[in-house]
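As provided, data39.cif (mmCIF, C-alpha atoms) reads as follows.
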```
data_query
loop_
_atom_site.label_atom_id
_atom_site.label_comp_id
_atom_site.auth_asym_id
_atom_site.auth_seq_id
_atom_site.Cartn_x
_atom_site.Cartn_y
_atom_site.Cartn_z
CA MET A 1 11.92 21.94 24.03
CA SER A 2 14.54 22.52 21.38
CA ALA A 3 13.98 21.16 17.89
CA LEU A 4 14.29 17.41 17.57
CA MET A 5 17.33 15.96 15.83
CA HIS A 6 16.11 12.57 14.67
CA HIS A 7 12.89 12.01 12.74
CA PRO A 8 11.04 9.17 11.00
CA SER A 9 11.89 9.00 7.28
CA GLU A 10 9.79 10.90 4.73
CA ASP A 11 8.66 7.53 3.36
CA THR A 12 7.34 6.56 6.78
CA LEU A 13 5.48 9.88 7.13
CA LEU A 14 4.05 9.45 3.64
CA ALA A 15 2.81 5.94 4.46
CA TYR A 16 1.22 7.28 7.65
CA ALA A 17 -0.53 10.04 5.68
CA ALA A 18 -1.63 7.52 3.05
CA GLY A 19 -3.04 5.30 5.78
CA THR A 20 -0.96 2.34 4.65
CA LEU A 21 1.40 2.20 7.63
CA ASP A 22 0.57 -0.63 10.06
CA GLU A 23 -0.92 0.20 13.44
CA PRO A 24 2.25 -0.43 15.52
CA SER A 25 4.35 1.97 13.43
CA SER A 26 1.43 4.44 13.31
CA VAL A 27 1.44 4.55 17.12
CA LEU A 28 5.05 5.67 17.03
CA VAL A 29 4.55 8.17 14.20
CA ALA A 30 1.48 9.75 15.85
CA THR A 31 3.40 10.00 19.14
CA HIS A 32 6.31 11.65 17.35
CA LEU A 33 3.94 14.06 15.56
CA SER A 34 2.61 15.15 18.96
CA LEU A 35 6.12 16.37 19.79
CA CYS A 36 7.43 17.48 16.39
CA PRO A 37 5.93 20.48 14.51
CA LYS A 38 8.33 19.91 11.59
CA CYS A 39 7.08 16.39 10.87
CA ARG A 40 3.47 17.50 11.41
CA ALA A 41 3.95 19.97 8.55
CA LEU A 42 5.42 17.22 6.35
CA ALA A 43 2.57 14.84 7.17
CA LYS A 44 0.08 17.57 6.30
CA THR A 45 1.72 18.12 2.94
CA ALA A 46 1.64 14.37 2.34
CA GLU A 47 -2.11 14.43 3.03
CA ALA A 48 -2.44 17.19 0.44
CA VAL A 49 -0.71 14.83 -2.01
CA GLY A 50 -3.33 12.21 -1.16
CA GLY A 51 -6.08 14.76 -1.73
CA GLU A 52 -4.67 15.74 -5.11
CA LEU A 53 -4.25 12.11 -6.18
CA MET A 54 -7.83 11.34 -5.21
CA GLU A 55 -9.03 14.38 -7.19
CA ALA A 56 -7.16 13.02 -10.20
CA LEU A 57 -8.60 9.51 -9.99
CA ALA A 58 -10.92 8.49 -12.79
CA PRO A 59 -14.35 8.58 -11.13
CA VAL A 60 -16.18 5.26 -11.19
CA ALA A 61 -19.47 5.40 -13.04
CA ASP A 62 -21.52 3.04 -10.93
CA VAL A 63 -22.08 4.73 -7.58
CA LYS A 64 -25.34 3.15 -6.47
CA VAL A 65 -26.15 5.25 -3.46
CA SER A 66 -27.76 8.57 -4.41
CA VAL A 67 -27.80 12.02 -2.83
CA GLY A 68 -31.52 11.46 -2.17
CA ASP A 69 -30.75 8.29 -0.15
CA LEU A 70 -28.20 10.17 1.88
CA LEU A 71 -30.43 13.15 2.57
CA GLN A 72 -33.08 10.71 3.79
CA LEU A 73 -30.56 9.16 6.19
CA ILE A 74 -29.54 12.62 7.31
CA ASP A 75 -33.13 13.59 7.98
CA ALA A 76 -33.70 10.36 9.87
CA LYS A 77 -30.61 11.16 11.99
CA THR A 78 -29.19 7.71 11.40
CA GLU A 79 -26.28 6.83 13.66
CA LEU A 80 -23.00 6.26 11.92
CA ARG A 81 -20.79 3.36 12.83
CA SER A 82 -18.04 5.89 13.43
CA ASP A 83 -20.21 7.78 15.93
CA ILE A 84 -20.22 4.90 18.33
CA ARG A 85 -16.52 4.13 18.09
CA VAL A 86 -15.06 4.11 21.57
CA GLU A 87 -12.53 6.83 22.11
CA GLY A 88 -9.86 5.41 24.40
CA ALA A 89 -8.83 8.96 25.28
CA ALA A 90 -11.95 9.62 27.31
CA ASN A 91 -10.90 7.87 30.48
CA SER A 92 -7.15 8.20 30.30
CA ASN A 93 -5.13 10.21 32.76
CA GLN A 94 -4.80 13.70 31.28
CA ALA A 95 -2.26 14.81 33.88
CA ASP A 96 0.33 12.32 32.66
CA THR A 97 2.48 14.19 30.14
CA LEU A 98 5.12 11.48 29.90
CA LEU A 99 2.96 9.66 27.34
CA PRO A 100 1.56 11.81 24.52
CA GLN A 101 -2.12 11.17 23.75
CA PRO A 102 -1.74 8.66 20.87
CA LEU A 103 0.30 6.44 23.18
CA ARG A 104 -1.80 7.05 26.29
CA THR A 105 -4.82 5.51 24.59
CA TYR A 106 -2.89 2.22 24.63
CA VAL A 107 -1.74 2.69 28.25
CA PRO A 108 -4.85 4.16 29.89
CA GLY A 109 -3.63 3.31 33.39
CA GLY A 110 -0.24 4.97 32.91
CA VAL A 111 3.15 3.28 32.83
CA ASP A 112 2.96 2.11 36.45
CA SER A 113 -0.04 -0.06 35.60
CA LEU A 114 1.98 -2.05 33.03
CA LYS A 115 3.46 -5.46 33.60
CA TRP A 116 7.19 -4.74 33.37
CA ARG A 117 9.30 -7.76 32.58
CA TRP A 118 12.94 -8.03 33.55
CA MET A 119 15.04 -8.32 30.38
CA GLY A 120 18.52 -8.07 31.80
CA PRO A 121 20.46 -5.93 34.24
CA GLY A 122 18.87 -2.49 34.30
CA VAL A 123 16.42 -3.23 31.46
CA ARG A 124 12.67 -3.77 31.72
CA TYR A 125 10.12 -4.11 28.95
CA ALA A 126 6.32 -3.94 28.79
CA ARG A 127 4.38 -4.84 25.64
CA ILE A 128 1.43 -2.62 24.81
CA LEU A 129 0.34 -3.84 21.37
CA ASP A 130 0.78 -6.93 19.22
CA ASP A 131 -0.84 -6.67 15.80
CA GLY A 132 -0.84 -10.43 15.31
CA GLN A 133 1.23 -10.05 12.16
CA GLY A 134 4.63 -9.91 13.77
CA ALA A 135 4.78 -6.24 14.68
CA ARG A 136 4.77 -5.22 18.33
CA VAL A 137 4.86 -2.03 20.33
CA GLY A 138 6.38 -1.86 23.77
CA LEU A 139 7.95 0.45 26.28
CA MET A 140 11.50 -0.13 27.44
CA ARG A 141 12.88 1.26 30.64
CA ILE A 142 16.65 1.40 30.87
CA ALA A 143 18.37 2.39 34.09
CA SER A 144 20.58 5.45 33.96
CA GLY A 145 24.00 4.66 32.44
CA THR A 146 23.09 1.08 31.40
CA ARG A 147 24.95 -0.35 28.41
CA MET A 148 22.61 -2.46 26.25
CA PRO A 149 23.91 -5.65 24.60
CA HIS A 150 25.35 -5.06 21.13
CA HIS A 151 22.64 -6.12 18.68
CA GLY A 152 21.25 -6.03 15.15
CA HIS A 153 17.69 -5.91 13.84
CA ALA A 154 15.54 -8.34 11.90
CA ASP A 155 13.60 -5.74 9.93
CA GLU A 156 12.74 -2.05 9.90
CA GLU A 157 12.26 -1.15 13.54
CA PHE A 158 11.79 2.12 15.40
CA THR A 159 12.80 3.48 18.77
CA MET A 160 11.54 6.78 20.15
CA VAL A 161 12.72 8.32 23.40
CA LEU A 162 10.03 9.38 25.90
CA ALA A 163 12.21 10.23 28.90
CA GLY A 164 15.92 10.52 29.55
CA GLY A 165 18.05 9.69 26.55
CA TYR A 166 20.56 7.29 25.05
CA THR A 167 23.56 7.40 22.78
CA ASP A 168 24.88 4.95 20.21
CA ALA A 169 27.32 5.12 17.30
CA PHE A 170 24.72 7.00 15.22
CA GLY A 171 23.93 9.82 17.61
CA SER A 172 22.34 10.98 20.83
CA TYR A 173 18.61 10.57 21.27
CA ARG A 174 16.41 12.61 23.62
CA ARG A 175 12.63 12.92 24.15
CA GLY A 176 10.85 12.79 20.79
CA ASP A 177 13.85 11.62 18.77
CA VAL A 178 13.29 8.57 16.57
CA GLU A 179 15.94 6.05 15.55
CA THR A 180 15.12 3.81 12.60
CA ALA A 181 17.01 0.53 12.52
CA ASP A 182 16.99 -2.06 9.75
CA THR A 183 18.80 -5.27 8.97
CA GLY A 184 22.05 -3.38 8.44
CA THR A 185 21.97 -1.57 11.77
CA LEU A 186 24.27 -2.84 14.48
CA HIS A 187 24.51 -0.83 17.63
CA GLN A 188 25.03 -0.75 21.34
CA PRO A 189 22.87 1.94 22.91
CA VAL A 190 24.01 3.34 26.25
CA ALA A 191 21.45 5.11 28.43
CA ASP A 192 22.50 8.64 29.34
CA ASP A 193 23.49 8.99 32.97
CA ASP A 194 21.05 11.80 33.79
CA GLY A 195 18.21 9.52 34.81
CA ASP A 196 16.35 6.44 33.59
CA CYS A 197 15.62 6.27 29.89
CA MET A 198 12.18 5.27 28.67
CA CYS A 199 11.67 4.40 25.00
CA LEU A 200 8.78 3.43 22.79
CA VAL A 201 9.93 0.55 20.60
CA VAL A 202 8.31 -0.96 17.51
CA THR A 203 9.77 -4.37 16.72
CA ARG A 204 9.29 -7.08 14.11
CA GLY A 205 10.83 -10.39 15.01
CA ALA A 206 13.50 -10.89 17.64
CA LEU A 207 16.47 -8.61 18.05
CA LYS A 208 19.66 -10.20 16.85
CA PRO A 209 22.28 -10.15 19.56
CA THR A 210 25.79 -9.99 18.18
CA GLY A 211 27.73 -10.84 21.34
CA LEU A 212 28.11 -14.36 22.70
CA PHE A 213 26.69 -13.56 26.11
CA ALA A 214 23.74 -11.77 24.53
CA LYS A 215 23.17 -14.78 22.23
CA LEU A 216 23.01 -16.96 25.28
CA LEU A 217 20.43 -14.63 26.77
CA GLN A 218 18.32 -14.24 23.62
CA PRO A 219 15.87 -17.08 24.35
CA LEU A 220 15.20 -15.34 27.64
CA MET A 221 14.37 -12.00 26.09
CA PRO A 222 11.80 -12.29 23.33
CA LEU A 223 10.23 -8.87 22.79
CA MET B 1 -28.77 9.88 -11.51
CA SER B 2 -26.75 11.81 -14.05
CA LYS B 3 -23.03 11.28 -13.58
CA THR B 4 -21.89 13.96 -16.00
CA GLY B 5 -24.03 16.94 -15.14
CA PRO B 6 -22.80 20.51 -15.22
CA LEU B 7 -21.46 20.03 -11.70
CA GLU B 8 -18.92 17.47 -12.82
CA ARG B 9 -15.63 19.26 -12.40
CA LYS B 10 -12.28 18.68 -13.92
CA MET B 11 -9.17 18.51 -11.78
CA ASP B 12 -7.94 21.92 -12.84
CA GLN B 13 -11.04 23.77 -11.79
CA PRO B 14 -10.54 25.98 -8.75
CA ALA B 15 -10.51 24.11 -5.48
CA GLU B 16 -12.04 27.18 -3.81
CA ASP B 17 -15.38 26.17 -5.35
CA MET B 18 -15.30 22.88 -3.52
CA SER B 19 -14.26 24.52 -0.26
CA ALA B 20 -17.10 27.02 -0.64
CA LEU B 21 -19.54 24.13 -1.07
CA VAL B 22 -18.35 22.50 2.16
CA LEU B 23 -18.73 25.85 3.94
CA ALA B 24 -22.28 26.17 2.56
CA VAL B 25 -23.09 22.77 4.06
CA ALA B 26 -21.52 23.84 7.36
CA GLN B 27 -23.21 27.23 7.59
CA ARG B 28 -26.70 26.55 6.26
CA GLN B 29 -27.06 22.81 5.70
CA ASP B 30 -27.15 23.61 1.97
CA ARG B 31 -28.56 20.51 0.26
CA ALA B 32 -27.72 21.62 -3.26
CA ALA B 33 -24.11 22.21 -2.23
CA PHE B 34 -24.07 18.75 -0.67
CA GLY B 35 -25.44 17.34 -3.92
CA SER B 36 -22.62 18.96 -5.91
CA LEU B 37 -20.00 17.64 -3.50
CA PHE B 38 -21.55 14.19 -3.77
CA GLN B 39 -21.48 14.26 -7.58
CA HIS B 40 -17.83 15.21 -7.58
CA TYR B 41 -16.44 13.17 -4.71
CA ALA B 42 -18.57 10.03 -4.34
CA PRO B 43 -17.27 8.45 -7.60
CA ARG B 44 -13.69 9.39 -6.71
CA VAL B 45 -13.92 8.07 -3.17
CA LYS B 46 -15.37 4.83 -4.54
CA SER B 47 -12.55 4.62 -7.05
CA TYR B 48 -10.04 5.16 -4.22
CA LEU B 49 -11.62 2.39 -2.12
CA ILE B 50 -11.71 -0.11 -4.96
CA ARG B 51 -8.02 0.49 -5.57
CA HIS B 52 -7.50 -0.45 -1.94
CA GLY B 53 -9.18 -3.80 -2.50
CA ALA B 54 -12.69 -3.01 -1.27
CA ASP B 55 -15.43 -4.96 -3.03
CA SER B 56 -18.29 -2.99 -4.51
CA THR B 57 -20.64 -3.44 -1.53
CA GLN B 58 -17.99 -2.46 0.97
CA ALA B 59 -16.95 0.52 -1.15
CA GLU B 60 -20.57 1.70 -1.37
CA GLU B 61 -20.90 1.53 2.40
CA ILE B 62 -17.75 3.55 2.97
CA VAL B 63 -18.70 6.09 0.28
CA GLN B 64 -22.02 6.53 2.05
CA GLU B 65 -20.33 6.91 5.42
CA THR B 66 -17.77 9.34 4.04
CA MET B 67 -20.46 11.57 2.56
CA LEU B 68 -22.53 11.43 5.74
CA SER B 69 -19.43 12.36 7.77
CA LEU B 70 -18.88 15.25 5.40
CA TRP B 71 -22.36 16.51 6.21
CA ARG B 72 -21.95 16.00 9.95
CA LYS B 73 -18.42 17.31 10.29
CA ALA B 74 -18.62 20.17 7.78
CA ALA B 75 -18.34 22.68 10.64
CA MET B 76 -14.90 21.26 11.46
CA PHE B 77 -13.60 21.93 7.95
CA ASP B 78 -11.06 24.78 7.87
CA PRO B 79 -10.33 25.95 4.31
CA THR B 80 -7.12 27.67 5.45
CA LYS B 81 -5.74 24.33 6.66
CA ALA B 82 -6.69 21.93 3.88
CA SER B 83 -8.46 21.82 0.54
CA ALA B 84 -11.88 20.14 0.42
CA GLY B 85 -10.34 17.26 -1.53
CA THR B 86 -7.63 16.70 1.07
CA TRP B 87 -10.14 16.86 3.90
CA ILE B 88 -12.45 14.35 2.24
CA PHE B 89 -9.47 12.13 1.44
CA THR B 90 -8.58 12.00 5.15
CA ILE B 91 -12.18 11.10 6.10
CA ALA B 92 -12.30 8.31 3.51
CA ARG B 93 -8.83 7.09 4.52
CA ASN B 94 -9.81 6.80 8.20
CA LEU B 95 -13.09 5.04 7.45
CA ARG B 96 -11.26 2.65 5.11
CA ILE B 97 -8.72 1.71 7.81
CA ASP B 98 -11.56 1.17 10.27
CA ALA B 99 -13.69 -0.92 7.95
CA ILE B 100 -11.23 -2.81 5.78
CA ARG B 101 -8.11 -3.15 7.88
CA LYS B 102 -10.12 -3.28 11.10
CA ASN B 103 -7.44 -1.59 13.09
CA ARG B 104 -6.71 1.84 14.37
CA ARG B 105 -4.74 4.75 13.10
CA PRO B 106 -3.79 6.80 16.14
CA GLU B 107 -3.61 10.56 15.61
CA PHE B 108 -2.09 13.40 17.59
CA ASP B 109 -4.40 15.59 19.65
CA ALA B 110 -3.64 19.32 19.76
CA GLU B 111 -5.42 19.55 23.14
CA ASP B 112 -3.05 17.00 24.68
CA PRO B 113 -1.05 18.55 27.58
CA ALA B 114 2.04 16.80 26.20
CA PHE B 115 1.52 18.31 22.71
CA VAL B 116 4.36 20.53 21.45
CA PRO B 117 2.69 23.36 19.47
CA ASP B 118 4.03 24.93 16.29
CA PRO B 119 6.52 27.72 16.90
CA GLU B 120 5.01 31.21 16.63
CA GLN B 121 5.33 32.62 13.14
CA ALA B 122 4.18 35.61 11.14
CA PRO B 123 0.78 34.95 9.51
CA ASP B 124 2.11 35.24 5.95
CA ASP B 125 4.92 32.87 6.84
CA SER B 126 2.64 29.89 6.99
CA LEU B 127 1.53 28.47 3.68
CA GLN B 128 -2.19 28.64 3.08
CA ALA B 129 -3.99 25.53 1.93
CA GLY B 130 -4.41 26.98 -1.57
CA GLN B 131 -0.67 27.53 -1.98
CA VAL B 132 0.12 24.08 -0.63
CA ARG B 133 -2.32 22.60 -3.13
CA LEU B 134 -0.70 24.46 -6.00
CA GLN B 135 2.79 23.41 -4.92
CA VAL B 136 1.75 19.81 -4.48
CA ARG B 137 0.05 19.76 -7.85
CA ASN B 138 3.06 21.27 -9.61
CA ALA B 139 5.40 18.89 -7.83
CA LEU B 140 3.29 15.93 -8.96
CA LYS B 141 3.21 17.25 -12.52
CA ASP B 142 6.98 17.64 -12.61
CA LEU B 143 7.71 14.15 -11.34
CA PRO B 144 9.04 11.70 -13.92
CA GLU B 145 6.26 9.20 -14.72
CA GLU B 146 8.07 6.36 -12.99
CA GLN B 147 8.29 8.26 -9.70
CA ALA B 148 4.73 9.54 -10.01
CA LEU B 149 3.68 5.91 -10.30
CA VAL B 150 5.48 5.04 -7.06
CA VAL B 151 3.76 7.94 -5.27
CA ARG B 152 0.34 6.88 -6.63
CA LEU B 153 0.91 3.27 -5.63
CA SER B 154 1.97 4.28 -2.14
CA PHE B 155 -1.36 6.04 -1.68
CA PHE B 156 -3.53 3.48 -3.39
CA GLU B 157 -2.03 0.13 -2.42
CA ASP B 158 -1.67 -1.30 1.06
CA LYS B 159 1.99 -2.14 0.72
CA PRO B 160 5.01 -0.78 2.51
CA HIS B 161 6.75 1.88 0.47
CA GLY B 162 9.97 -0.13 0.23
CA GLU B 163 8.25 -3.00 -1.56
CA ILE B 164 6.78 -0.70 -4.19
CA ALA B 165 10.10 0.91 -5.00
#
```
What does this structure look like when you write it as structure tokens?
Amino acid sequence: MSALMHHPSEDTLLAYAAGTLDEPSSVLVATHLSLCPKCRALAKTAEAVGGELMEALAPVADVKVSVGDLLQLIDAKTELRSDIRVEGAANSNQADTLLPQPLRTYVPGGVDSLKWRWMGPGVRYARILDDGQGARVGLMRIASGTRMPHHGHADEEFTMVLAGGYTDAFGSYRRGDVETADTGTLHQPVADDDGDCMCLVVTRGALKPTGLFAKLLQPLMPL
Amino acid sequence: MSKTGPLERKMDQPAEDMSALVLAVAQRQDRAAFGSLFQHYAPRVKSYLIRHGADSTQAEEIVQETMLSLWRKAAMFDPTKASAGTWIFTIARNLRIDAIRKNRRPEFDAEDPAFVPDPEQAPDDSLQAGQVRLQVRNALKDLPEEQALVVRLSFFEDKPHGEIA
């Protein structure tokens, strides 16, 4: 695969490294990192910043637990809460390379097991995560050559291509490429005509259709 | 327990010492090395957690879990890839997200068949952890105070970057 053209912003990578990015956006960033060595290197550097900042923190004086307590726990082979955390990866389909691992843990049965909803001609959508605070992750499947309704965005939202590709006024997007949209972004993506396009989308609030027909359809297509 | 023993290190002391201590834990379950790591990192990890809004009890629990993970996972530590401080930061960060935010932080998996590996490069082309640490530290030092504050806040406060700036 040739180098990717479109990446998440440095701020987004920094927030991911800091562990302050919400889960829906982290799903997209981790999926992108699986496919993008360049951003992996940036994220690693950002973690080194975190390490340095933690080194520089004024240590608190009142740590109550002692080394002796810990060594006792170690000798007693106490189970950690993190030891028993269920790894979703264990039973997912390893042969499916369409979905990189971070995403596959949310779609253990593969994309065919999802409930795909009809959104409009040539467009289907399946939700895979709702964080309960307005942010959602879903997959969108757009038939080859389909022209999406012209629309804007309510907040910072991300799209990452998993298969096929699409083109809008800002560029052409292929597997691994990320487009960041915010309130100022208006666009009309058109799926490339070399096969169906599948995208990972992170949304906050409804898309804002800018065309009359799309406005009419909006109540029918809440993501 | 003494908090300011001879093992208390300042930020500008060589990071290699800390890495060597983690390796001693990995290779021979060195309890004294673990003790030194605890003295240095436990108060800093607790400080980090409190800045993220943990109460004292919660912070103590996560400090404990972080240090136990350090012991357990020491064999996974690779000093060419990260400094000890960075590695421990990532452990504490993940445990914090688990415990305080109660959600997940998905990570890439280098064993994933879909994973796109780093392009081949000459060994001295890739920056070693020590060089990265030096660069990062110098970059932080050279930042104007206002920007340094934004970077610190973005690591220590659960707010989107845009709202801080």
- Option closest in space to Cys197 of chain A, from A:Met5, A:Asp168, A:Ala61, A:Arg175 [counting only C-alpha atoms]: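 Of A:Met5, A:Asp168, A:Ala61, A:Arg175, the one nearest Cys197 of chain A, counting only C-alpha atoms, is A:Arg175.
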- Message: I'd like the residues picked by the PyMOL selection byres ((chain A and resi 135-149) around 6) written out as a ChimeraX atom specification, using the chain letters and numbers from the file.
- Response: /A:24,122-131,133-134,150,188-193,195-204
In the coordinates of the file, take the point (-22.1, 10.2, 2.4) and a cut-off of 12 Å; then, counting only C-alpha atoms, name each qualifying protein, DNA or RNA residue as an mmCIF file with C-alpha atoms, in the coordinates of the input.
```cif
data_model
loop_
_atom_site.group_PDB
_atom_site.id
_atom_site.type_symbol
_atom_site.label_atom_id
_atom_site.label_comp_id
_atom_site.auth_asym_id
_atom_site.auth_seq_id
_atom_site.Cartn_x
_atom_site.Cartn_y
_atom_site.Cartn_z
ATOM 1 C CA VAL A 63 -22.080 4.730 -7.580
ATOM 2 C CA LYS A 64 -25.340 3.150 -6.470
ATOM 3 C CA VAL A 65 -26.150 5.250 -3.460
ATOM 4 C CA SER A 66 -27.760 8.570 -4.410
ATOM 5 C CA VAL A 67 -27.800 12.020 -2.830
ATOM 6 C CA GLY A 68 -31.520 11.460 -2.170
ATOM 7 C CA ASP A 69 -30.750 8.290 -0.150
ATOM 8 C CA LEU A 70 -28.200 10.170 1.880
ATOM 9 C CA LEU A 71 -30.430 13.150 2.570
ATOM 10 C CA GLN A 72 -33.080 10.710 3.790
ATOM 11 C CA LEU A 73 -30.560 9.160 6.190
ATOM 12 C CA ILE A 74 -29.540 12.620 7.310
ATOM 13 C CA THR A 78 -29.190 7.710 11.400
ATOM 14 C CA LEU A 80 -23.000 6.260 11.920
ATOM 15 C CA PHE B 34 -24.070 18.750 -0.670
ATOM 16 C CA GLY B 35 -25.440 17.340 -3.920
ATOM 17 C CA LEU B 37 -20.000 17.640 -3.500
ATOM 18 C CA PHE B 38 -21.550 14.190 -3.770
ATOM 19 C CA GLN B 39 -21.480 14.260 -7.580
ATOM 20 C CA HIS B 40 -17.830 15.210 -7.580
ATOM 21 C CA TYR B 41 -16.440 13.170 -4.710
ATOM 22 C CA ALA B 42 -18.570 10.030 -4.340
ATOM 23 C CA PRO B 43 -17.270 8.450 -7.600
ATOM 24 C CA VAL B 45 -13.920 8.070 -3.170
ATOM 25 C CA LYS B 46 -15.370 4.830 -4.540
ATOM 26 C CA ALA B 59 -16.950 0.520 -1.150
ATOM 27 C CA GLU B 60 -20.570 1.700 -1.370
ATOM 28 C CA GLU B 61 -20.900 1.530 2.400
ATOM 29 C CA ILE B 62 -17.750 3.550 2.970
ATOM 30 C CA VAL B 63 -18.700 6.090 0.280
ATOM 31 C CA GLN B 64 -22.020 6.530 2.050
ATOM 32 C CA GLU B 65 -20.330 6.910 5.420
ATOM 33 C CA THR B 66 -17.770 9.340 4.040
ATOM 34 C CA MET B 67 -20.460 11.570 2.560
ATOM 35 C CA LEU B 68 -22.530 11.430 5.740
ATOM 36 C CA SER B 69 -19.430 12.360 7.770
ATOM 37 C CA LEU B 70 -18.880 15.250 5.400
ATOM 38 C CA TRP B 71 -22.360 16.510 6.210
ATOM 39 C CA ARG B 72 -21.950 16.000 9.950
ATOM 40 C CA LYS B 73 -18.420 17.310 10.290
ATOM 41 C CA ALA B 74 -18.620 20.170 7.780
ATOM 42 C CA ILE B 88 -12.450 14.350 2.240
ATOM 43 C CA ILE B 91 -12.180 11.100 6.100
ATOM 44 C CA ALA B 92 -12.300 8.310 3.510
ATOM 45 C CA LEU B 95 -13.090 5.040 7.450
#
```
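Between atom CA of Leu35 of chain A and atom CA of Val116 of chain B the separation is 4.8 Å.
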Could you write out as a short mmCIF file (atom, residue, chain, number, x, y, z; two decimals) with C-alpha atoms, in the coordinates of the input the residues of chain B within 6 Å of chain A, counting all atoms listed in the file?
```
data_model
loop_
_atom_site.label_atom_id
_atom_site.label_comp_id
_atom_site.auth_asym_id
_atom_site.auth_seq_id
_atom_site.Cartn_x
_atom_site.Cartn_y
_atom_site.Cartn_z
CA GLY B 35 -25.44 17.34 -3.92
CA PRO B 43 -17.27 8.45 -7.60
CA ARG B 44 -13.69 9.39 -6.71
CA SER B 47 -12.55 4.62 -7.05
CA GLY B 85 -10.34 17.26 -1.53
CA THR B 86 -7.63 16.70 1.07
CA PHE B 89 -9.47 12.13 1.44
CA ARG B 105 -4.74 4.75 13.10
CA PRO B 106 -3.79 6.80 16.14
CA GLU B 107 -3.61 10.56 15.61
CA PHE B 108 -2.09 13.40 17.59
CA ASP B 112 -3.05 17.00 24.68
CA ALA B 114 2.04 16.80 26.20
CA PHE B 115 1.52 18.31 22.71
CA VAL B 116 4.36 20.53 21.45
CA ASP B 118 4.03 24.93 16.29
CA PHE B 155 -1.36 6.04 -1.68
CA ASP B 158 -1.67 -1.30 1.06
#
```
- Message: Can you spell out as a list in words the set of residues that the PyMOL selection byres ((chain B and resi 156) around 7) selects in the structure I just provided?
- Response: Tyr48, Arg51, His52, Arg152, Leu153, Ser154, Phe155, Glu157 and Asp158 of chain B
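Between atom CA of Ser83 of chain B and atom CA of Ala129 of chain B the separation is 6.0 Å.
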- Quick one: distance from atom CA of Leu4 of chain A to atom CA of Cys39 of chain A in Å, one decimal?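 Interatomic distance, atom CA of Leu4 of chain A to atom CA of Cys39 of chain A: 9.9 Å.
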- Task: Taking the file above as input, evaluate the PyMOL selection byres ((chain B and resi 26) around 8) and report the hits as an MDAnalysis selection string.
- Result: chainID B and resid 22:25 27:30 71 73:75
- Of the residues A:Lys208, A:Gly120, A:His7, A:Gly132, which is the one nearest to Asn103 of chain B, using all atoms listed in the file?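 Residue with the minimum atom-to-atom distance to Asn103 of chain B: A:Gly132.
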